[in-house]
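Asks: Compact mmCIF, C-alpha atoms and all ligand atoms, file target_38.txt:
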```
# COMPACT_ATOMS: atom_id res chain seq x y z
CA MET Y 1 -6.58 85.94 -42.29
CA ARG Y 2 -8.51 84.20 -45.00
CA TYR Y 3 -9.35 85.78 -48.33
CA ARG Y 4 -12.46 85.72 -50.44
CA LEU Y 5 -12.93 86.71 -54.05
CA LEU Y 6 -14.29 90.04 -55.18
CA GLY Y 7 -17.04 88.40 -57.23
CA LYS Y 8 -15.73 87.06 -60.52
CA SER Y 9 -12.91 89.60 -60.66
CA GLY Y 10 -10.28 87.32 -59.13
CA VAL Y 11 -9.19 90.05 -56.70
CA ARG Y 12 -8.53 88.65 -53.23
CA ILE Y 13 -10.27 90.47 -50.42
CA SER Y 14 -9.74 89.79 -46.72
CA GLU Y 15 -12.66 88.20 -44.89
CA VAL Y 16 -12.80 91.25 -42.64
CA ALA Y 17 -12.76 94.85 -43.89
CA LEU Y 18 -11.68 98.00 -42.07
CA GLY Y 19 -14.29 100.73 -41.70
CA THR Y 20 -12.82 104.20 -41.30
CA MET Y 21 -15.84 106.35 -40.56
CA THR Y 22 -14.18 106.88 -37.17
CA PHE Y 23 -10.92 108.18 -38.66
CA GLY Y 24 -10.95 111.84 -37.67
CA GLU Y 25 -12.68 113.76 -34.92
CA ASP Y 26 -14.69 116.21 -37.01
CA TRP Y 27 -18.01 114.60 -36.10
CA GLY Y 28 -17.26 114.59 -32.38
CA TRP Y 29 -16.94 110.82 -31.90
CA GLY Y 30 -13.97 109.64 -33.95
CA ALA Y 31 -10.30 108.79 -33.45
CA PRO Y 32 -7.33 111.15 -33.84
CA PRO Y 33 -4.77 110.39 -36.59
CA GLU Y 34 -2.35 108.53 -34.29
CA VAL Y 35 -5.06 106.13 -33.07
CA SER Y 36 -6.31 105.70 -36.64
CA ALA Y 37 -2.72 104.81 -37.62
CA ARG Y 38 -2.54 102.18 -34.90
CA MET Y 39 -5.80 100.57 -36.01
CA LEU Y 40 -4.71 100.51 -39.65
CA ASP Y 41 -1.38 98.92 -38.70
CA LEU Y 42 -3.05 96.25 -36.56
CA PHE Y 43 -5.42 95.49 -39.42
CA ALA Y 44 -2.63 95.33 -42.00
CA ASP Y 45 -0.37 93.25 -39.76
CA ALA Y 46 -3.16 90.70 -39.45
CA GLY Y 47 -3.41 90.47 -43.25
CA GLY Y 48 -6.45 92.71 -43.73
CA ASN Y 49 -6.52 94.41 -47.11
CA VAL Y 50 -9.98 95.94 -47.64
CA ILE Y 51 -10.40 99.54 -46.49
CA ASP Y 52 -13.67 101.45 -46.61
CA THR Y 53 -14.08 105.21 -46.47
CA ALA Y 54 -16.30 107.88 -48.07
CA ASP Y 55 -15.92 111.44 -49.28
CA VAL Y 56 -18.24 112.62 -46.50
CA TYR Y 57 -16.73 110.69 -43.57
CA THR Y 58 -15.59 113.17 -40.95
CA ASN Y 59 -15.99 115.85 -43.63
CA GLY Y 60 -13.21 114.40 -45.79
CA THR Y 61 -10.75 113.93 -42.91
CA SER Y 62 -11.07 110.12 -43.03
CA GLU Y 63 -9.78 110.14 -46.62
CA THR Y 64 -7.07 112.68 -45.77
CA ILE Y 65 -5.80 110.58 -42.85
CA LEU Y 66 -5.83 107.44 -45.01
CA GLY Y 67 -3.94 109.23 -47.79
CA GLU Y 68 -1.12 109.97 -45.35
CA LEU Y 69 -1.14 106.53 -43.73
CA LEU Y 70 -1.12 104.62 -47.01
CA LYS Y 71 1.93 106.37 -48.43
CA GLY Y 72 4.34 103.78 -49.75
CA ARG Y 73 1.92 100.85 -49.30
CA ARG Y 74 -1.25 101.91 -51.10
CA ASP Y 75 -1.15 99.13 -53.70
CA ARG Y 76 -1.26 96.44 -51.03
CA PHE Y 77 -4.84 97.46 -50.18
CA VAL Y 78 -8.20 97.22 -51.88
CA LEU Y 79 -9.16 100.80 -51.22
CA GLY Y 80 -12.79 101.86 -51.45
CA THR Y 81 -14.46 105.22 -51.13
CA LYS Y 82 -17.98 106.52 -51.81
CA PHE Y 83 -19.90 109.40 -53.33
CA THR Y 84 -23.57 110.52 -53.37
CA ASN Y 85 -24.07 112.43 -50.13
CA GLN Y 86 -23.91 116.22 -50.09
CA THR Y 87 -20.44 117.63 -49.56
CA ASP Y 88 -21.23 121.36 -49.88
CA PRO Y 89 -24.46 122.67 -48.31
CA ASP Y 90 -24.41 125.65 -50.70
CA ASP Y 91 -24.17 123.53 -53.85
CA PRO Y 92 -27.23 121.42 -54.78
CA ASN Y 93 -25.11 119.49 -57.30
CA SER Y 94 -22.70 118.32 -54.60
CA ALA Y 95 -25.20 115.54 -53.85
CA GLY Y 96 -26.58 112.81 -56.08
CA ASN Y 97 -25.49 110.10 -58.47
CA HIS Y 98 -25.25 112.19 -61.63
CA ARG Y 99 -22.20 112.49 -63.85
CA LYS Y 100 -21.30 115.96 -62.57
CA LYS Y 101 -21.18 114.78 -58.97
CA ILE Y 102 -19.13 111.71 -59.88
CA VAL Y 103 -16.53 113.71 -61.79
CA SER Y 104 -16.04 116.29 -59.03
CA SER Y 105 -16.22 113.76 -56.17
CA ILE Y 106 -13.70 111.37 -57.62
CA GLU Y 107 -11.16 114.11 -58.24
CA ALA Y 108 -11.52 115.34 -54.64
CA SER Y 109 -11.22 111.80 -53.25
CA LEU Y 110 -8.15 111.02 -55.36
CA ARG Y 111 -6.50 114.20 -54.06
CA ARG Y 112 -7.24 113.46 -50.40
CA LEU Y 113 -6.29 109.79 -50.72
CA GLN Y 114 -3.10 110.68 -52.63
CA THR Y 115 -3.69 108.02 -55.23
CA ASP Y 116 -4.48 107.94 -58.94
CA HIS Y 117 -7.22 105.32 -58.76
CA ILE Y 118 -9.94 103.95 -56.48
CA ASP Y 119 -10.24 100.18 -56.30
CA LEU Y 120 -13.88 100.05 -55.19
CA TYR Y 121 -15.94 103.12 -55.97
CA TRP Y 122 -19.19 102.93 -54.02
CA VAL Y 123 -22.46 104.61 -54.87
CA HIS Y 124 -23.27 105.58 -51.28
CA ASN Y 125 -27.03 105.94 -51.54
CA ARG Y 126 -30.05 106.07 -53.77
CA ASP Y 127 -30.78 109.10 -55.92
CA VAL Y 128 -34.24 108.74 -57.42
CA LEU Y 129 -33.66 111.71 -59.74
CA THR Y 130 -30.74 110.24 -61.67
CA SER Y 131 -31.43 107.43 -64.14
CA VAL Y 132 -29.49 104.19 -63.77
CA GLU Y 133 -28.26 104.61 -67.36
CA GLU Y 134 -26.72 108.00 -66.52
CA LEU Y 135 -25.09 106.59 -63.39
CA MET Y 136 -23.76 103.34 -64.86
CA ARG Y 137 -22.42 105.03 -68.00
CA ALA Y 138 -20.69 107.74 -65.91
CA LEU Y 139 -19.13 105.07 -63.69
CA ASP Y 140 -18.03 103.07 -66.71
CA ASP Y 141 -16.31 106.15 -68.11
CA GLN Y 142 -14.29 106.38 -64.87
CA VAL Y 143 -13.38 102.71 -65.25
CA ARG Y 144 -12.21 103.31 -68.82
CA LEU Y 145 -10.21 106.33 -67.65
CA GLY Y 146 -8.48 104.07 -65.12
CA LYS Y 147 -9.66 106.12 -62.14
CA VAL Y 148 -11.99 103.40 -60.89
CA LEU Y 149 -11.30 99.68 -60.99
CA TYR Y 150 -14.67 98.37 -59.78
CA PRO Y 151 -18.00 100.19 -59.29
CA ALA Y 152 -20.01 99.04 -56.28
CA VAL Y 153 -23.26 100.00 -54.56
CA SER Y 154 -24.44 100.65 -51.04
CA ASP Y 155 -27.90 100.74 -49.50
CA TRP Y 156 -30.02 100.15 -52.57
CA ALA Y 157 -32.98 97.81 -52.85
CA ALA Y 158 -32.28 94.42 -54.40
CA TRP Y 159 -34.41 95.10 -57.48
CA GLU Y 160 -32.59 98.39 -58.11
CA ILE Y 161 -29.19 96.71 -57.99
CA ALA Y 162 -30.41 93.99 -60.36
CA GLU Y 163 -31.85 96.61 -62.71
CA ALA Y 164 -28.63 98.66 -62.77
CA CYS Y 165 -26.41 95.61 -63.34
CA THR Y 166 -28.66 94.40 -66.14
CA ALA Y 167 -28.68 97.84 -67.78
CA ALA Y 168 -24.87 97.95 -67.61
CA ARG Y 169 -24.36 94.42 -68.95
CA LEU Y 170 -26.70 95.03 -71.89
CA ARG Y 171 -24.48 97.91 -72.99
CA ASP Y 172 -21.14 96.33 -72.10
CA TRP Y 173 -20.55 98.76 -69.25
CA SER Y 174 -19.07 97.72 -65.91
CA PRO Y 175 -21.77 96.35 -63.59
CA PHE Y 176 -21.55 96.61 -59.81
CA THR Y 177 -18.94 94.29 -58.32
CA ALA Y 178 -19.98 94.37 -54.64
CA VAL Y 179 -22.83 95.39 -52.36
CA GLN Y 180 -22.72 97.21 -49.04
CA LEU Y 181 -25.60 97.06 -46.59
CA ARG Y 182 -26.39 97.20 -42.89
CA TYR Y 183 -26.50 93.74 -41.41
CA ASN Y 184 -26.20 92.65 -37.82
CA LEU Y 185 -27.99 90.62 -35.16
CA LEU Y 186 -30.42 93.49 -34.55
CA ASP Y 187 -31.18 94.08 -38.22
CA ARG Y 188 -31.54 90.97 -40.34
CA SER Y 189 -33.83 92.54 -42.94
CA PRO Y 190 -31.25 91.94 -45.77
CA GLU Y 191 -32.01 88.23 -45.45
CA ARG Y 192 -35.32 88.74 -47.28
CA GLU Y 193 -34.16 90.19 -50.59
CA LEU Y 194 -30.64 91.60 -50.59
CA LEU Y 195 -28.61 88.58 -49.50
CA PRO Y 196 -30.39 86.17 -51.87
CA MET Y 197 -29.91 88.67 -54.72
CA ALA Y 198 -26.21 89.07 -53.86
CA GLY Y 199 -25.73 85.32 -53.66
CA ALA Y 200 -27.49 84.67 -56.96
CA SER Y 201 -25.54 87.46 -58.68
CA GLY Y 202 -22.15 86.49 -57.25
CA LEU Y 203 -21.79 89.84 -55.47
CA PRO Y 204 -19.77 89.90 -52.26
CA VAL Y 205 -21.48 91.72 -49.39
CA LEU Y 206 -19.72 94.16 -47.10
CA ALA Y 207 -21.82 94.39 -43.95
CA TRP Y 208 -21.70 97.73 -42.19
CA GLY Y 209 -22.74 98.30 -38.59
CA PRO Y 210 -21.91 94.75 -37.41
CA LEU Y 211 -22.14 95.98 -33.81
CA ALA Y 212 -25.30 98.04 -34.41
CA GLU Y 213 -23.22 101.15 -33.64
CA GLY Y 214 -21.83 99.54 -30.51
CA ARG Y 215 -25.14 98.29 -29.08
CA LEU Y 216 -24.14 94.64 -29.52
CA THR Y 217 -21.15 95.09 -27.22
CA GLY Y 218 -23.74 95.28 -24.43
CA LYS Y 219 -22.25 98.49 -23.11
CA TYR Y 220 -25.49 100.46 -23.26
CA LEU Y 221 -27.23 97.89 -21.06
CA SER Y 222 -24.61 98.42 -18.42
CA GLY Y 223 -24.85 102.20 -18.48
CA HIS Y 224 -21.81 103.02 -20.60
CA THR Y 225 -22.02 105.71 -23.24
CA GLY Y 226 -20.95 106.01 -26.84
CA ARG Y 227 -21.94 107.65 -30.07
CA VAL Y 228 -25.52 106.32 -29.93
CA THR Y 229 -27.77 109.13 -28.82
CA GLU Y 230 -30.96 108.86 -30.81
CA ALA Y 231 -33.60 106.16 -30.63
CA GLY Y 232 -32.76 104.26 -33.79
CA ARG Y 233 -35.04 101.77 -35.41
CA PRO Y 234 -34.98 98.79 -35.75
CA TYR Y 235 -32.59 98.67 -32.85
CA THR Y 236 -35.12 99.83 -30.31
CA ARG Y 237 -37.86 97.41 -31.28
CA ALA Y 238 -39.16 95.02 -28.65
CA GLY Y 239 -36.71 92.22 -28.05
CA SER Y 240 -33.56 94.06 -29.12
CA ASP Y 241 -32.22 94.21 -25.58
CA ASP Y 242 -32.92 90.49 -25.18
CA ILE Y 243 -30.75 89.75 -28.20
CA VAL Y 244 -27.95 91.89 -26.82
CA ARG Y 245 -28.23 90.05 -23.49
CA GLU Y 246 -27.94 86.72 -25.33
CA VAL Y 247 -24.83 87.91 -27.14
CA VAL Y 248 -23.28 88.97 -23.84
CA ALA Y 249 -24.20 85.62 -22.26
CA ILE Y 250 -22.70 83.66 -25.16
CA ALA Y 251 -19.53 85.73 -25.00
CA ARG Y 252 -19.24 85.04 -21.29
CA GLU Y 253 -19.71 81.34 -21.91
CA LEU Y 254 -17.09 81.31 -24.65
CA GLY Y 255 -14.62 83.58 -22.90
CA CYS Y 256 -14.56 86.09 -25.73
CA SER Y 257 -15.97 89.58 -26.13
CA PRO Y 258 -19.58 90.27 -27.16
CA ALA Y 259 -18.17 92.24 -30.10
CA GLN Y 260 -16.38 89.11 -31.30
CA VAL Y 261 -19.57 87.09 -31.08
CA ALA Y 262 -21.54 89.69 -33.07
CA ILE Y 263 -18.84 90.12 -35.73
CA SER Y 264 -18.32 86.37 -35.98
CA TRP Y 265 -22.03 85.87 -36.56
CA VAL Y 266 -21.94 88.23 -39.54
CA ARG Y 267 -18.78 86.73 -40.98
CA GLN Y 268 -20.09 83.20 -40.88
CA GLN Y 269 -23.26 83.79 -42.85
CA PRO Y 270 -23.54 81.83 -46.10
CA GLY Y 271 -21.97 83.36 -49.18
CA THR Y 272 -19.36 86.08 -49.07
CA VAL Y 273 -20.39 88.33 -46.20
CA ILE Y 274 -17.58 90.52 -44.94
CA PRO Y 275 -18.04 92.51 -41.73
CA LEU Y 276 -16.79 96.09 -41.79
CA ILE Y 277 -15.16 96.40 -38.41
CA ALA Y 278 -14.70 99.83 -36.92
CA ALA Y 279 -13.67 101.32 -33.63
CA ARG Y 280 -12.98 104.65 -31.97
CA THR Y 281 -10.11 103.50 -29.76
CA GLU Y 282 -7.28 101.01 -30.06
CA GLU Y 283 -8.72 99.11 -27.10
CA GLN Y 284 -12.05 98.71 -28.88
CA PHE Y 285 -10.28 97.66 -32.04
CA ARG Y 286 -8.35 94.96 -30.21
CA ASP Y 287 -11.57 93.86 -28.53
CA ASN Y 288 -13.16 93.42 -31.95
CA ARG Y 289 -10.40 91.15 -33.24
CA ALA Y 290 -12.30 88.98 -35.59
CA PRO Y 291 -12.29 85.30 -34.79
CA GLN Y 292 -10.34 83.11 -37.15
CA PRO Y 293 -12.29 80.44 -38.93
CA ALA Y 294 -11.91 76.86 -37.90
CA ALA Y 295 -9.57 74.76 -39.94
CA PRO Y 296 -11.72 73.00 -42.52
CA GLY Y 297 -12.69 69.58 -41.26
CA PRO Y 298 -14.97 66.83 -42.50
CA PRO Y 299 -18.55 68.01 -42.98
CA ARG Y 300 -20.60 67.43 -39.85
CA ARG Y 301 -23.64 65.37 -40.71
CA THR Y 302 -25.54 66.67 -37.74
CA GLN Y 303 -24.90 70.34 -38.57
CA PRO Y 304 -27.54 71.57 -41.03
CA SER Y 305 -26.17 74.03 -43.53
CA HIS Y 306 -28.80 76.55 -42.51
CA ALA Y 307 -27.78 76.60 -38.85
CA ARG Y 308 -26.61 80.19 -38.86
CA VAL Y 309 -24.89 80.22 -35.55
CA PRO Y 310 -21.36 81.45 -34.94
CA ARG Y 311 -19.15 78.42 -34.77
CA GLY Y 312 -18.77 77.47 -31.21
CA CYS Y 313 -21.74 79.47 -29.99
CA HIS Y 314 -23.79 76.76 -28.37
CA ALA Y 315 -26.09 78.76 -26.16
CA GLY Y 316 -29.54 77.77 -27.29
CA GLY Y 317 -31.33 80.96 -26.36
CA LEU Y 318 -30.00 83.01 -29.25
CA ARG Y 319 -30.97 80.32 -31.71
CA ARG Y 320 -34.43 79.90 -30.26
CA ARG Y 321 -35.16 83.61 -30.09
CA ARG Y 322 -33.80 84.33 -33.55
CA GLY Y 323 -35.38 81.32 -35.23
CA LEU Y 324 -32.08 79.54 -35.66
CA ARG Y 325 -32.13 75.78 -35.63
CA ARG Y 326 -30.21 73.67 -33.23
CA PRO Y 327 -28.15 70.95 -34.88
CA ALA Y 328 -30.09 67.68 -34.66
CA THR Y 329 -27.68 66.05 -32.25
CA ARG Y 330 -24.83 67.73 -30.59
CA HIS Y 331 -23.12 66.60 -27.46
CA ARG Y 332 -20.98 68.97 -25.54
CA ARG Y 333 -17.91 67.37 -24.15
CA PRO Y 334 -16.11 68.94 -21.24
CA PRO Y 335 -12.84 70.55 -22.40
CA ARG Y 336 -9.77 68.45 -21.95
CA ALA Y 337 -7.34 69.65 -19.34
CA GLY Y 338 -4.70 72.06 -20.63
CA ARG Y 339 -6.62 72.74 -23.79
CA ALA Y 340 -9.10 75.42 -24.75
CA PRO Y 341 -12.67 74.20 -25.24
CA HIS Y 342 -12.97 73.43 -28.91
CA HIS Y 343 -15.18 76.41 -29.64
CA HIS Y 344 -12.57 78.76 -28.19
CA ARG Y 345 -10.08 77.61 -30.72
CA HIS Y 346 -12.10 79.39 -33.38
CA LEU Y 347 -11.67 82.71 -31.67
CA GLY Y 348 -8.13 83.65 -32.53
CA ARG Y 349 -6.55 86.94 -33.34
CA LEU Y 350 -7.54 89.26 -36.11
N1 LIG Y 401 -22.50 102.24 -46.62
C1 LIG Y 401 -22.99 102.93 -45.63
O1 LIG Y 401 -24.00 103.61 -45.77
C2 LIG Y 401 -22.31 102.86 -44.30
C3 LIG Y 401 -22.96 103.38 -43.16
C4 LIG Y 401 -22.29 103.31 -41.95
C5 LIG Y 401 -21.02 102.74 -41.87
N2 LIG Y 401 -20.41 102.27 -42.99
C6 LIG Y 401 -19.06 101.66 -42.94
O2 LIG Y 401 -19.07 100.59 -42.01
C7 LIG Y 401 -18.11 100.82 -40.98
C8 LIG Y 401 -18.66 100.27 -39.69
O3 LIG Y 401 -19.91 100.88 -39.38
P1 LIG Y 401 -20.29 101.27 -37.90
O4 LIG Y 401 -19.31 102.27 -37.40
O5 LIG Y 401 -21.73 101.62 -37.88
O6 LIG Y 401 -20.01 99.86 -37.19
P2 LIG Y 401 -20.36 99.28 -35.77
O7 LIG Y 401 -19.34 98.20 -35.57
O8 LIG Y 401 -21.77 98.89 -35.68
O9 LIG Y 401 -20.14 100.46 -34.72
C9 LIG Y 401 -18.85 100.93 -34.43
C10 LIG Y 401 -18.92 101.75 -33.15
O10 LIG Y 401 -19.23 100.90 -32.05
C11 LIG Y 401 -18.47 101.29 -30.91
N3 LIG Y 401 -17.57 100.17 -30.63
C12 LIG Y 401 -16.81 99.49 -31.54
N4 LIG Y 401 -16.13 98.50 -30.94
C13 LIG Y 401 -16.45 98.55 -29.63
C14 LIG Y 401 -16.07 97.79 -28.52
N5 LIG Y 401 -15.22 96.77 -28.63
N6 LIG Y 401 -16.60 98.09 -27.30
C15 LIG Y 401 -17.46 99.10 -27.16
N7 LIG Y 401 -17.86 99.89 -28.21
C16 LIG Y 401 -17.37 99.61 -29.43
C17 LIG Y 401 -17.71 102.54 -31.29
O11 LIG Y 401 -18.51 103.70 -31.04
P3 LIG Y 401 -18.52 104.48 -29.62
O12 LIG Y 401 -17.22 104.28 -28.96
O13 LIG Y 401 -18.81 105.88 -29.93
O14 LIG Y 401 -19.65 103.84 -28.87
C18 LIG Y 401 -17.59 102.39 -32.81
O15 LIG Y 401 -17.43 103.60 -33.48
C19 LIG Y 401 -17.86 102.33 -40.99
O16 LIG Y 401 -16.60 102.68 -40.49
C20 LIG Y 401 -17.98 102.63 -42.46
O17 LIG Y 401 -16.76 102.32 -43.13
C21 LIG Y 401 -21.05 102.30 -44.20
```
Would you mind writing the file out in structure tokens?
Ligand SMILES: NC(=O)c1ccc[n+]([C@@H]2O[C@H](COP(=O)([O-])OP(=O)(O)OC[C@H]3O[C@@H](n4cnc5c(N)ncnc54)[C@H](OP(=O)(O)O)[C@@H]3O)[C@@H](O)[C@H]2O)c1

Replies:
Amino acid sequence: MRYRLLGKSGVRISEVALGTMTFGEDWGWGAPPEVSARMLDLFADAGGNVIDTADVYTNGTSETILGELLKGRRDRFVLGTKFTNQTDPDDPNSAGNHRKKIVSSIEASLRRLQTDHIDLYWVHNRDVLTSVEELMRALDDQVRLGKVLYPAVSDWAAWEIAEACTAARLRDWSPFTAVQLRYNLLDRSPERELLPMAGASGLPVLAWGPLAEGRLTGKYLSGHTGRVTEAGRPYTRAGSDDIVREVVAIARELGCSPAQVAISWVRQQPGTVIPLIAARTEEQFRDNRAPQPAAPGPPRRTQPSHARVPRGCHAGGLRRRRGLRRPATRHRRPPRAGRAPHHHRHLGRL
């Protein structure tokens, strides 16, 4: 496992993060505690240290399961949870980004997680009714109380994140330290505004939905089922199935799983882009084992820095369809006997 930096904080974060929205069966499509435990252990054994949950995931069960599983080893992880979404349908103040919601949500999360502080405290969503000054000051108070180490933000527009960070810096409050957004081969919209903003601001990006809720494994094309039931945009736009077919074809060519190809693509984007990997079963989790990066070698003159292709993924179709450039010259040598083709060597264990 390689580590990146949490912005300018100096905190080391693994290049792959564990998503735990599937921890718990309350929503009808998650994993029971024993399977969740297995996934966490596999992740930790591989050196993973970033864990992502939320107060609303599986109605709080995700946090409760994590609280139990992290006993005795909590400090080894960079533990993140979120607030914003409604937790009590009878209480209008149980949703939002206002101070009252933050104070009640953080206490509930700390209880369920059995810890006295949250490393990354994520604003889960936008709340157009709460001013950024109210939000950033309330978060800063939690930082000063020691209950939050780093505020972070999910699913906001780039200009809103920039505005909030500027407002915080002007007043010497804690700005956001990381950004979370949906990013995968079927939804590359963050490339327009959010990724450039994150890069320019030194904010690491945690990419959720790297498999487009499982679509990029190709299983829906072959008639398998999963949690996807509704027709979700942009996943159902024309051409989406073609992209999935390309991913499956590349995986076949490389001898890895389509999930690995899709996750690898996210992980190898420029800047600090960390895929949030998640699964419902241990088998899926093993299948998603993130490829290890290649050992750093001399820069390849023929490989343009903007060639955003998973290392080793040479099938041209994906590049052509997605507007990715082929390296100017690239000759494929047949693999030497007794040795994996060189692109396979990049696909190790998580
Ligand atoms: N900030 C936010 O607003 C936000 C939103 C969503 C998620 N997140 C975070 O990001 C994490 C990942 O998001 P996500 O769950 O949407 O990620 P995803 O990787 O796109 O989808 C994961 C789902 O795909 C299916 N799957 C996974 N591996 C598979 C495999 N090898 N073969 C076949 N199917 C497989 C499973 O669902 P089935 O078995 O049911 O098909 C699994 O639950 C979450 O756990 C959460 O921590 C954040």

Asks: Just need the box for ligand LIG 401 (chain Y), edges along x, y and z, holding every atom the file lists for it with 8 Å tacked onto each side, so centre and edge lengths in Å to one decimal, as AutoDock Vina command-line options.

Replies:
```
--center_x -19.6 --center_y 101.3 --center_z -36.9 --size_x 24.8 --size_y 25.1 --size_z 35.5
```

Asks: Check which residues of chain Y sit at most 7 Å from ligand LIG 401 (chain Y) using only C-alpha atoms and all ligand atoms, and return one row each with the closest pair of atoms and their distance in Å to one decimal, ordered by chain and rising number, as CSV.

Replies:
```
residue,atom,partner,partner_atom,distance
Y:Leu18,CA,Y:LIG401,O17,6.8
Y:Gly19,CA,Y:LIG401,O16,3.3
Y:Thr20,CA,Y:LIG401,O16,4.2
Y:Met21,CA,Y:LIG401,O16,3.7
Y:Thr22,CA,Y:LIG401,O16,5.9
Y:Trp29,CA,Y:LIG401,O13,5.6
Y:Gly30,CA,Y:LIG401,O15,7.0
Y:Asp52,CA,Y:LIG401,O17,4.7
Y:Thr53,CA,Y:LIG401,O17,5.2
Y:His124,CA,Y:LIG401,N1,5.8
Y:Asn125,CA,Y:LIG401,O1,6.9
Y:Ser154,CA,Y:LIG401,N1,5.1
Y:Asp155,CA,Y:LIG401,O1,6.1
Y:Gln180,CA,Y:LIG401,N1,5.6
Y:Leu181,CA,Y:LIG401,N1,6.0
Y:Trp208,CA,Y:LIG401,O2,3.9
Y:Gly209,CA,Y:LIG401,O8,3.1
Y:Pro210,CA,Y:LIG401,O8,4.5
Y:Leu211,CA,Y:LIG401,O8,3.5
Y:Ala212,CA,Y:LIG401,O8,3.8
Y:Glu213,CA,Y:LIG401,O9,3.3
Y:Gly214,CA,Y:LIG401,O10,3.3
Y:Thr217,CA,Y:LIG401,C15,5.4
Y:Lys219,CA,Y:LIG401,C15,6.3
Y:Thr225,CA,Y:LIG401,O14,6.4
Y:Gly226,CA,Y:LIG401,O14,3.2
Y:Arg227,CA,Y:LIG401,O13,3.6
Y:Val228,CA,Y:LIG401,O14,6.5
Y:Ala259,CA,Y:LIG401,N5,5.6
Y:Leu276,CA,Y:LIG401,C7,5.0
Y:Ile277,CA,Y:LIG401,O7,5.4
Y:Ala278,CA,Y:LIG401,C8,4.9
Y:Ala279,CA,Y:LIG401,C18,4.1
Y:Arg280,CA,Y:LIG401,O15,4.8
Y:Gln284,CA,Y:LIG401,N5,3.7
Y:Phe285,CA,Y:LIG401,N4,6.0
Y:Asp287,CA,Y:LIG401,N5,4.7
Y:Asn288,CA,Y:LIG401,N5,5.1
```

Asks: What does the structure give for the distance between CA of Ala37 (chain Y) and CA of Val50 (chain Y), in Å to one decimal?

Replies: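 It comes out at 15.2 Å.
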
Asks: Which distance in Å separates CA of Arg137 (chain Y) and CA of Lys100 (chain Y), to one decimal?

Replies: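 Pair CA of Arg137 (chain Y) / CA of Lys100 (chain Y) returns 12.3 Å.
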
Asks: Kindly provide, as JSON, numbers by chain, the polymer residues lying within 7 Å of (-32.8, 93.0, -54.2), counting all atoms listed in the file and using the coordinates exactly as they appear in the file.

Replies: {"Y": [157, 158, 159, 160, 161, 162, 193, 194, 197]}

Asks: Distance CA of Gly47 (chain Y)-CA of Ala31 (chain Y), one decimal place?

Replies: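 It comes out at 21.9 Å.
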
Asks: Let me make sure I understand: among Y:Leu216, Y:Arg267, Y:Ala138, Y:Gly223, which one has the smallest atom-to-atom distance to Ile250 (chain Y) if we use all atoms listed in the file?

Replies: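 Counting all atoms listed in the file, the residue closest to Ile250 (chain Y) is Y:Leu216.
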
Asks: Which residue out of Y:Arg245, Y:Val16, Y:Asp55, Y:Ser62 has the minimum interatomic distance to Ser36 (chain Y) when all atoms listed in the file are used?

Replies: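 Smallest separation from Ser36 (chain Y) among the options: Y:Ser62.
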
Asks: Considering all atoms listed in the file, give me a table of residues in region 151-220 of chain Y that are at most 12 Å from region 72-80 of chain Y, with the closest atom pair and distance in Å for each, as a tab-separated table.

Replies:
```
residue	atom	partner	partner_atom	distance
Y:Pro151	CA	Y:Gly80	CA	9.6
Y:Ala152	CA	Y:Gly80	CA	9.1
Y:Val153	CA	Y:Gly80	CA	11.1
Y:Ser154	CA	Y:Gly80	CA	11.7
Y:Thr177	CA	Y:Gly80	CA	11.9
Y:Ala178	CA	Y:Gly80	CA	10.9
Y:Val179	CA	Y:Gly80	CA	12.0
Y:Gln180	CA	Y:Gly80	CA	11.2
Y:Leu206	CA	Y:Gly80	CA	11.2
```

Asks: Looking at only C-alpha atoms, which of Y:Val248, Y:Met39, Y:Ala17, Y:Cys165 is the one that sits closest to Ala207 (chain Y)?

Replies: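 So, comparing all the options, the nearest one is Y:Ala17.
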
Asks: Return the single residue from Y:Ser189, Y:Ser257, Y:Asn184, Y:Ser174 that is closest to Ile274 (chain Y), with distances computed using all atoms listed in the file.

Replies: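 Under the stated criterion, the closest residue is Y:Asn184.
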
Asks: So that I can see what lies close to region 269-273 of chain Y, please list as JSON, numbers by chain the residues with an atom at most 12 Å from it, counting only C-alpha atoms and leaving out residues fewer than 5 positions away in the same chain.

Replies: {"Y": [2, 3, 4, 5, 6, 7, 12, 13, 14, 15, 16, 17, 178, 179, 180, 181, 182, 183, 184, 185, 188, 190, 191, 194, 195, 196, 197, 198, 199, 200, 201, 202, 203, 204, 205, 206, 207, 208, 210, 262, 263, 264, 305, 306, 307, 308, 309, 310, 311]}

Asks: Measuring atom to atom with only C-alpha atoms, identify which of Y:Arg171, Y:Lys82, Y:Arg286, Y:Arg99 is nearest to Ala46 (chain Y).

Replies: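 Counting only C-alpha atoms, the residue closest to Ala46 (chain Y) is Y:Arg286.
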
Asks: Mind checking which residues fall within 12 Å of Ala54 (chain Y), counting all atoms listed in the file, ignoring those fewer than 3 positions away in the same chain, and posting them as a ChimeraX atom specification?

Replies: /Y:19-23,51,57-64,66,79-87,105-106,108-110,112-113,118,120-125,154

Asks: With distances taken over all atoms listed in the file, which residue among Y:Gly24, Y:Gly146, Y:Pro32, Y:Gly255 lies nearest His117 (chain Y)?

Replies: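 Using all atoms listed in the file, His117 (chain Y) sits closest to Y:Gly146.
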